[in-house]
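This report concerns only the one structure given below.
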Amino acid sequence: MFRDSPLWSSLRDLFGVLPRAAHASALAALVGVMAGSASALFLVVLDLATNTRLVHPWLLWLLPVAGFAVGWLYLRLGASVEAGNNLLIDEIHDPQRVVPLRMAPLVLFGTVVTHLFGGSAGREGTAVQMGGALADQLTHVFRLSGEQRRVLLMSGIAAGFASVFGTPLAGAVFGLEVLAIGRLRYDALLPCLVAALVGDAVTHAWGVHHTVYTIAPTAFAPSITLAGALSAAAAGVLCGLVGMAFAQATHATSAFMKRRIAYAPLRPFVGGLLVAVAATALGTPQYLGLGIPTIVDAFQTSLPWYDFLGKTIFTVITLGTGFKGGEVTPLFYIGATMGNALSHVLLLPAAVLAGIGFVAVFAGAANTPIASTLMAIEIFGPQIGGYAAIACVLAYLCSGHTGIYRAQRVGHSKHGEVPEGTRLADLPAWRKALRANPSSSGKARRP
């Protein structure tokens, strides 16, 4: 009788789930150790490269040569991993083969070179690629199934993101949310959480610490106000549009350079020359590298309103011409300085708007509103949670079906009838075909 009861059925399911959960968590913890250690090494070397450039500003004039060298290295050794984050996302959706281990050292070297000589780029792409590549090496070691491999790659992404920014909750959700617009995969929630927590803890255990961004508690009202909510909403809309423009400009620049310059190493050579000349002529060293000092200033003092635009242009040139590095820290810069500028017209303190912009531009450009909201809470405290959520959701909705990761799939269309499962990179072709044949259904499986 008892064996036919709902209680027995629940217990049986529980004892079936626990071993699988323990196995997945153990693998995720191992991924966290590897990704956290890799991020610690990366952050230490990146700080050394940045400080060296600041002490020797003449290194900027070697940026074209450095770009050529990295481009040549990828041409010779890195063709199979050139797609970077997009390769990881594609492998999760449509598994083909284990990600080559060479992705990790190549992107580490390429990103450090970018920052050593003054390119405007970020660091999350490097950490995510190292985490994913290292994680995938366990596929053969433990003879994992295709589904287990997908979860392992997601864990590597989560661990890399969490460890490079010190935001484990945001990192865990980022690993789930970045794959498809409007859809999360909860089957990987526990492994991603374990990997993110372990990765962040391991990075700290190596003695590496992250930049602290502070918003004074007195900047917040005791509760969310209508004026504050409307200001956050307006900021979110603008951040979404800026995030969309950043993604489109970066992809357009990359496509233009590929059409005009056939030999790949020459593209970053030209881009490096443009960055070096522009930074010197305009006297804008703040637009080089990560730009963390300016991000910190955005929470403390009034900045020129055009800072977000300057950083956008320098980053688009750097990444669009083929330099290695991430997009997220420049997006933080763009969002924080834009929020600072909006404080002159919106009814929230400059520091709060800087914090909102910090995460909302990223939310729009990466299509990750939940991870971005959690990041705001982890970095700035729970007081910003409501405002950040409003801004991030609206930024996500207003950025359209674009994004910095072109391998993202449309899980659930934001608006209209974009086919489920479509890669963002394939949307222009689908729209062109739809215009040519308006009677065709937008609900087709794939373009």
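Just so we're on the same page: first chain in the structure tokens is A, next is B, and so on; residues restart at 1 for each chain, and ligands are numbered from 1 in the order they show up.
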
Which stretch 232-305 of chain A residues have any atom within 10 Å of an atom of stretch 368-391 of chain A, and for each, what is the nearest pair of atoms with distance in Å to one decimal, counting only C-alpha atoms, rows sorted by chain and number, as a tab-separated table?
residue	atom	partner	partner_atom	distance
A:Ala232	CA	A:Ala391	CA	5.4
A:Ala233	CA	A:Ala391	CA	5.3
A:Ala234	CA	A:Ala391	CA	7.7
A:Ala235	CA	A:Ala391	CA	6.3
A:Gly236	CA	A:Ala391	CA	3.8
A:Val237	CA	A:Ala391	CA	7.2
A:Leu238	CA	A:Ala391	CA	9.2
A:Cys239	CA	A:Ala391	CA	8.0
A:Gly240	CA	A:Ala391	CA	8.7

Put those residues in a file: all heavy atoms, as an mmCIF file, in the first residue's frame.
data_model
loop_
_atom_site.group_PDB
_atom_site.id
_atom_site.type_symbol
_atom_site.label_atom_id
_atom_site.label_comp_id
_atom_site.auth_asym_id
_atom_site.auth_seq_id
_atom_site.Cartn_x
_atom_site.Cartn_y
_atom_site.Cartn_z
ATOM 1 N N ALA A 232 14.059 55.873 -13.552
ATOM 2 C CA ALA A 232 14.722 54.601 -13.866
ATOM 3 C C ALA A 232 14.201 54.036 -15.178
ATOM 4 O O ALA A 232 14.964 53.479 -15.979
ATOM 5 C CB ALA A 232 14.513 53.605 -12.733
ATOM 6 N N ALA A 233 12.888 54.176 -15.410
ATOM 7 C CA ALA A 233 12.300 53.683 -16.660
ATOM 8 C C ALA A 233 12.857 54.440 -17.863
ATOM 9 O O ALA A 233 13.215 53.848 -18.889
ATOM 10 C CB ALA A 233 10.779 53.809 -16.603
ATOM 11 N N ALA A 234 12.936 55.769 -17.742
ATOM 12 C CA ALA A 234 13.482 56.572 -18.843
ATOM 13 C C ALA A 234 14.940 56.203 -19.107
ATOM 14 O O ALA A 234 15.367 56.064 -20.264
ATOM 15 C CB ALA A 234 13.363 58.059 -18.506
ATOM 16 N N ALA A 235 15.704 56.034 -18.029
ATOM 17 C CA ALA A 235 17.102 55.633 -18.185
ATOM 18 C C ALA A 235 17.199 54.265 -18.836
ATOM 19 O O ALA A 235 18.068 54.026 -19.691
ATOM 20 C CB ALA A 235 17.799 55.626 -16.824
ATOM 21 N N GLY A 236 16.309 53.350 -18.463
ATOM 22 C CA GLY A 236 16.327 52.010 -19.039
ATOM 23 C C GLY A 236 16.076 52.016 -20.529
ATOM 24 O O GLY A 236 16.741 51.303 -21.295
ATOM 25 N N VAL A 237 15.114 52.817 -20.963
ATOM 26 C CA VAL A 237 14.812 52.913 -22.400
ATOM 27 C C VAL A 237 16.043 53.413 -23.158
ATOM 28 O O VAL A 237 16.446 52.852 -24.184
ATOM 29 C CB VAL A 237 13.606 53.838 -22.644
ATOM 30 C CG1 VAL A 237 13.443 54.116 -24.137
ATOM 31 C CG2 VAL A 237 12.335 53.217 -22.076
ATOM 32 N N LEU A 238 16.651 54.482 -22.644
ATOM 33 C CA LEU A 238 17.825 55.047 -23.309
ATOM 34 C C LEU A 238 19.000 54.073 -23.286
ATOM 35 O O LEU A 238 19.734 53.949 -24.281
ATOM 36 C CB LEU A 238 18.224 56.363 -22.637
ATOM 37 C CG LEU A 238 17.213 57.510 -22.798
ATOM 38 C CD1 LEU A 238 17.627 58.705 -21.948
ATOM 39 C CD2 LEU A 238 17.094 57.920 -24.267
ATOM 40 N N CYS A 239 19.168 53.372 -22.182
ATOM 41 C CA CYS A 239 20.257 52.394 -22.082
ATOM 42 C C CYS A 239 20.051 51.256 -23.079
ATOM 43 O O CYS A 239 21.018 50.750 -23.674
ATOM 44 C CB CYS A 239 20.344 51.838 -20.662
ATOM 45 S SG CYS A 239 21.040 53.001 -19.450
ATOM 46 N N GLY A 240 18.805 50.837 -23.258
ATOM 47 C CA GLY A 240 18.528 49.785 -24.231
ATOM 48 C C GLY A 240 18.883 50.218 -25.636
ATOM 49 O O GLY A 240 19.465 49.451 -26.418
#

| query | Can you list, as a PyMOL selection string, every residue of stretch 44-200 of chain A that DSSP puts in alpha helix (DSSP H)? | reply | chain A and resi 44-55+63-77+85-93+103-116+124-136+138-141+146-165+168-177+189-200

| From A:Trp58, A:Phe161, A:Tyr396, A:Phe220, residue lying nearest A:Val198 [only C-alpha atoms] | A:Phe161

| said: Given only C-alpha atoms as the basis, pick out the residue of A:Leu153, A:Val113, A:Leu348, A:Ile404 nearest to A:Leu46. | reply: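 Looking only at the distances to A:Leu46, the closest residue turns out to be A:Val113.
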
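Atom pair atom CA of A:Ala262 / atom CA of A:Val65: separated by 17.6 Å.
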
| request: Using atom CA of A:Ala66 and atom CA of A:Val164 as the two end points, give the distance in Å to one decimal. | output: 24.1 Å

| message | List the spatial neighbours of A:Pro95 as a list in words - criterion: any atom at most 12 Å away, only C-alpha atoms, same-chain residues fewer than 4 positions off excluded. | response |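 Close residues of A:Pro95: Leu87, Leu88, Ile89, Asp90, Glu91, Val99, Asp136, Thr139, Ser145, Gly146, Glu147, Gln148, Arg149, Arg150, Val151 and Leu153 of chain A.
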
Serialized selection, N, CA and C atoms, as a PDB file, in the first residue's frame:
ATOM      1  N   LEU A  87      31.294  30.690 -30.198  1.00  0.00           N
ATOM      2  CA  LEU A  87      31.580  29.268 -30.356  1.00  0.00           C
ATOM      3  C   LEU A  87      31.019  28.476 -29.185  1.00  0.00           C
ATOM      4  N   LEU A  88      31.185  28.976 -27.973  1.00  0.00           N
ATOM      5  CA  LEU A  88      30.652  28.277 -26.794  1.00  0.00           C
ATOM      6  C   LEU A  88      29.134  28.184 -26.862  1.00  0.00           C
ATOM      7  N   ILE A  89      28.483  29.276 -27.225  1.00  0.00           N
ATOM      8  CA  ILE A  89      27.020  29.276 -27.304  1.00  0.00           C
ATOM      9  C   ILE A  89      26.547  28.308 -28.385  1.00  0.00           C
ATOM     10  N   ASP A  90      27.226  28.304 -29.530  1.00  0.00           N
ATOM     11  CA  ASP A  90      26.858  27.372 -30.599  1.00  0.00           C
ATOM     12  C   ASP A  90      27.036  25.925 -30.165  1.00  0.00           C
ATOM     13  N   GLU A  91      28.097  25.643 -29.436  1.00  0.00           N
ATOM     14  CA  GLU A  91      28.344  24.269 -28.994  1.00  0.00           C
ATOM     15  C   GLU A  91      27.297  23.803 -27.991  1.00  0.00           C
ATOM     16  N   VAL A  99      35.557  21.934 -27.497  1.00  0.00           N
ATOM     17  CA  VAL A  99      36.242  23.209 -27.738  1.00  0.00           C
ATOM     18  C   VAL A  99      37.739  23.020 -27.519  1.00  0.00           C
ATOM     19  N   ASP A 136      35.242  22.181 -20.948  1.00  0.00           N
ATOM     20  CA  ASP A 136      34.955  21.194 -21.990  1.00  0.00           C
ATOM     21  C   ASP A 136      36.015  20.102 -22.068  1.00  0.00           C
ATOM     22  N   THR A 139      35.027  16.688 -20.768  1.00  0.00           N
ATOM     23  CA  THR A 139      34.053  15.870 -21.487  1.00  0.00           C
ATOM     24  C   THR A 139      34.589  14.474 -21.754  1.00  0.00           C
ATOM     25  N   SER A 145      27.892  12.566 -21.458  1.00  0.00           N
ATOM     26  CA  SER A 145      26.913  12.534 -22.537  1.00  0.00           C
ATOM     27  C   SER A 145      26.767  13.937 -23.127  1.00  0.00           C
ATOM     28  N   GLY A 146      26.051  14.022 -24.240  1.00  0.00           N
ATOM     29  CA  GLY A 146      25.847  15.320 -24.874  1.00  0.00           C
ATOM     30  C   GLY A 146      25.149  16.299 -23.956  1.00  0.00           C
ATOM     31  N   GLU A 147      24.137  15.822 -23.225  1.00  0.00           N
ATOM     32  CA  GLU A 147      23.406  16.703 -22.322  1.00  0.00           C
ATOM     33  C   GLU A 147      24.275  17.134 -21.148  1.00  0.00           C
ATOM     34  N   GLN A 148      25.079  16.212 -20.622  1.00  0.00           N
ATOM     35  CA  GLN A 148      25.987  16.570 -19.529  1.00  0.00           C
ATOM     36  C   GLN A 148      27.028  17.577 -20.005  1.00  0.00           C
ATOM     37  N   ARG A 149      27.459  17.442 -21.253  1.00  0.00           N
ATOM     38  CA  ARG A 149      28.435  18.374 -21.793  1.00  0.00           C
ATOM     39  C   ARG A 149      27.838  19.776 -21.901  1.00  0.00           C
ATOM     40  N   ARG A 150      26.593  19.867 -22.320  1.00  0.00           N
ATOM     41  CA  ARG A 150      25.944  21.181 -22.414  1.00  0.00           C
ATOM     42  C   ARG A 150      25.938  21.874 -21.049  1.00  0.00           C
ATOM     43  N   VAL A 151      25.560  21.127 -20.040  1.00  0.00           N
ATOM     44  CA  VAL A 151      25.507  21.682 -18.692  1.00  0.00           C
ATOM     45  C   VAL A 151      26.901  22.095 -18.234  1.00  0.00           C
ATOM     46  N   LEU A 153      29.436  23.090 -20.108  1.00  0.00           N
ATOM     47  CA  LEU A 153      29.816  24.333 -20.778  1.00  0.00           C
ATOM     48  C   LEU A 153      29.119  25.538 -20.153  1.00  0.00           C
TER      49      LEU A 153
END

| said: Taking 5 positions as the minimum chain separation for residues in the same chain, which residues sit within 8 Å of stretch 175-190 of chain A when counting only C-alpha atoms? Answer as a list of chain:residue names. | reply: A:Ala21, A:Ser25, A:Ile89, A:Val151, A:Met154, A:Ser155, A:Gly156, A:Ile157, A:Ala158, A:Ala366, A:Asn367, A:Thr368, A:Ile370, A:Ala371, A:Ala407, A:Gln408, A:Arg409, A:Val410, A:Gly411, A:His412, A:Ser413, A:Lys414

Residues from last step as file, N, CA, C and O atoms, as a JSON list (two decimals), in the first residue's frame:
[["chain", "number", "residue", "atom", "x", "y", "z"],
["A", 21, "ALA", "N", 22.31, 15.03, -9.02],
["A", 21, "ALA", "CA", 22.64, 16.39, -8.58],
["A", 21, "ALA", "C", 24.03, 16.44, -7.96],
["A", 21, "ALA", "O", 24.80, 17.39, -8.19],
["A", 25, "SER", "N", 27.09, 18.54, -9.46],
["A", 25, "SER", "CA", 27.68, 19.56, -8.59],
["A", 25, "SER", "C", 29.17, 19.35, -8.42],
["A", 25, "SER", "O", 29.94, 20.32, -8.36],
["A", 89, "ILE", "N", 28.48, 29.28, -27.22],
["A", 89, "ILE", "CA", 27.02, 29.28, -27.30],
["A", 89, "ILE", "C", 26.55, 28.31, -28.38],
["A", 89, "ILE", "O", 25.59, 27.55, -28.19],
["A", 151, "VAL", "N", 25.56, 21.13, -20.04],
["A", 151, "VAL", "CA", 25.51, 21.68, -18.69],
["A", 151, "VAL", "C", 26.90, 22.09, -18.23],
["A", 151, "VAL", "O", 27.09, 23.12, -17.58],
["A", 154, "MET", "N", 27.84, 25.38, -19.81],
["A", 154, "MET", "CA", 27.12, 26.47, -19.16],
["A", 154, "MET", "C", 27.76, 26.79, -17.81],
["A", 154, "MET", "O", 27.87, 27.95, -17.42],
["A", 155, "SER", "N", 28.20, 25.76, -17.11],
["A", 155, "SER", "CA", 28.87, 25.96, -15.82],
["A", 155, "SER", "C", 30.18, 26.72, -16.00],
["A", 155, "SER", "O", 30.54, 27.58, -15.19],
["A", 156, "GLY", "N", 30.91, 26.40, -17.08],
["A", 156, "GLY", "CA", 32.15, 27.12, -17.36],
["A", 156, "GLY", "C", 31.93, 28.59, -17.64],
["A", 156, "GLY", "O", 32.68, 29.45, -17.18],
["A", 157, "ILE", "N", 30.86, 28.89, -18.39],
["A", 157, "ILE", "CA", 30.50, 30.29, -18.66],
["A", 157, "ILE", "C", 30.16, 31.00, -17.36],
["A", 157, "ILE", "O", 30.61, 32.12, -17.10],
["A", 158, "ALA", "N", 29.35, 30.35, -16.52],
["A", 158, "ALA", "CA", 28.94, 30.94, -15.25],
["A", 158, "ALA", "C", 30.13, 31.20, -14.34],
["A", 158, "ALA", "O", 30.26, 32.27, -13.74],
["A", 366, "ALA", "N", 23.41, 42.59, -24.02],
["A", 366, "ALA", "CA", 23.61, 41.15, -23.88],
["A", 366, "ALA", "C", 22.31, 40.37, -23.75],
["A", 366, "ALA", "O", 22.33, 39.14, -23.72],
["A", 367, "ASN", "N", 21.18, 41.07, -23.66],
["A", 367, "ASN", "CA", 19.87, 40.42, -23.49],
["A", 367, "ASN", "C", 19.82, 39.57, -22.22],
["A", 367, "ASN", "O", 19.31, 38.45, -22.23],
["A", 368, "THR", "N", 20.35, 40.13, -21.14],
["A", 368, "THR", "CA", 20.40, 39.42, -19.86],
["A", 368, "THR", "C", 19.87, 40.30, -18.73],
["A", 368, "THR", "O", 20.63, 40.72, -17.85],
["A", 370, "ILE", "N", 17.89, 39.65, -16.09],
["A", 370, "ILE", "CA", 17.88, 39.09, -14.73],
["A", 370, "ILE", "C", 19.28, 39.08, -14.15],
["A", 370, "ILE", "O", 19.51, 39.50, -13.00],
["A", 371, "ALA", "N", 20.25, 38.59, -14.92],
["A", 371, "ALA", "CA", 21.64, 38.59, -14.45],
["A", 371, "ALA", "C", 22.12, 40.00, -14.16],
["A", 371, "ALA", "O", 22.82, 40.24, -13.17],
["A", 407, "ALA", "N", 25.55, 34.51, -31.62],
["A", 407, "ALA", "CA", 25.11, 33.10, -31.60],
["A", 407, "ALA", "C", 23.91, 32.90, -30.68],
["A", 407, "ALA", "O", 23.38, 31.79, -30.62],
["A", 408, "GLN", "N", 23.50, 33.91, -29.96],
["A", 408, "GLN", "CA", 22.28, 33.80, -29.15],
["A", 408, "GLN", "C", 21.10, 33.38, -30.02],
["A", 408, "GLN", "O", 20.99, 33.79, -31.17],
["A", 409, "ARG", "N", 20.24, 32.54, -29.46],
["A", 409, "ARG", "CA", 19.03, 32.14, -30.14],
["A", 409, "ARG", "C", 17.84, 32.93, -29.63],
["A", 409, "ARG", "O", 17.87, 33.46, -28.52],
["A", 410, "VAL", "N", 16.81, 33.01, -30.44],
["A", 410, "VAL", "CA", 15.56, 33.61, -30.00],
["A", 410, "VAL", "C", 14.74, 32.49, -29.35],
["A", 410, "VAL", "O", 14.24, 31.60, -30.04],
["A", 411, "GLY", "N", 14.67, 32.53, -28.02],
["A", 411, "GLY", "CA", 13.86, 31.53, -27.32],
["A", 411, "GLY", "C", 12.41, 31.93, -27.28],
["A", 411, "GLY", "O", 11.51, 31.11, -27.44],
["A", 412, "HIS", "N", 12.17, 33.21, -27.04],
["A", 412, "HIS", "CA", 10.82, 33.76, -27.05],
["A", 412, "HIS", "C", 10.94, 35.19, -27.56],
["A", 412, "HIS", "O", 11.61, 36.02, -26.96],
["A", 413, "SER", "N", 10.30, 35.48, -28.67],
["A", 413, "SER", "CA", 10.44, 36.77, -29.31],
["A", 413, "SER", "C", 10.01, 37.91, -28.39],
["A", 413, "SER", "O", 9.01, 37.81, -27.67],
["A", 414, "LYS", "N", 10.78, 39.01, -28.41],
["A", 414, "LYS", "CA", 10.40, 40.17, -27.61],
["A", 414, "LYS", "C", 9.15, 40.83, -28.17],
["A", 414, "LYS", "O", 8.31, 41.34, -27.43]]
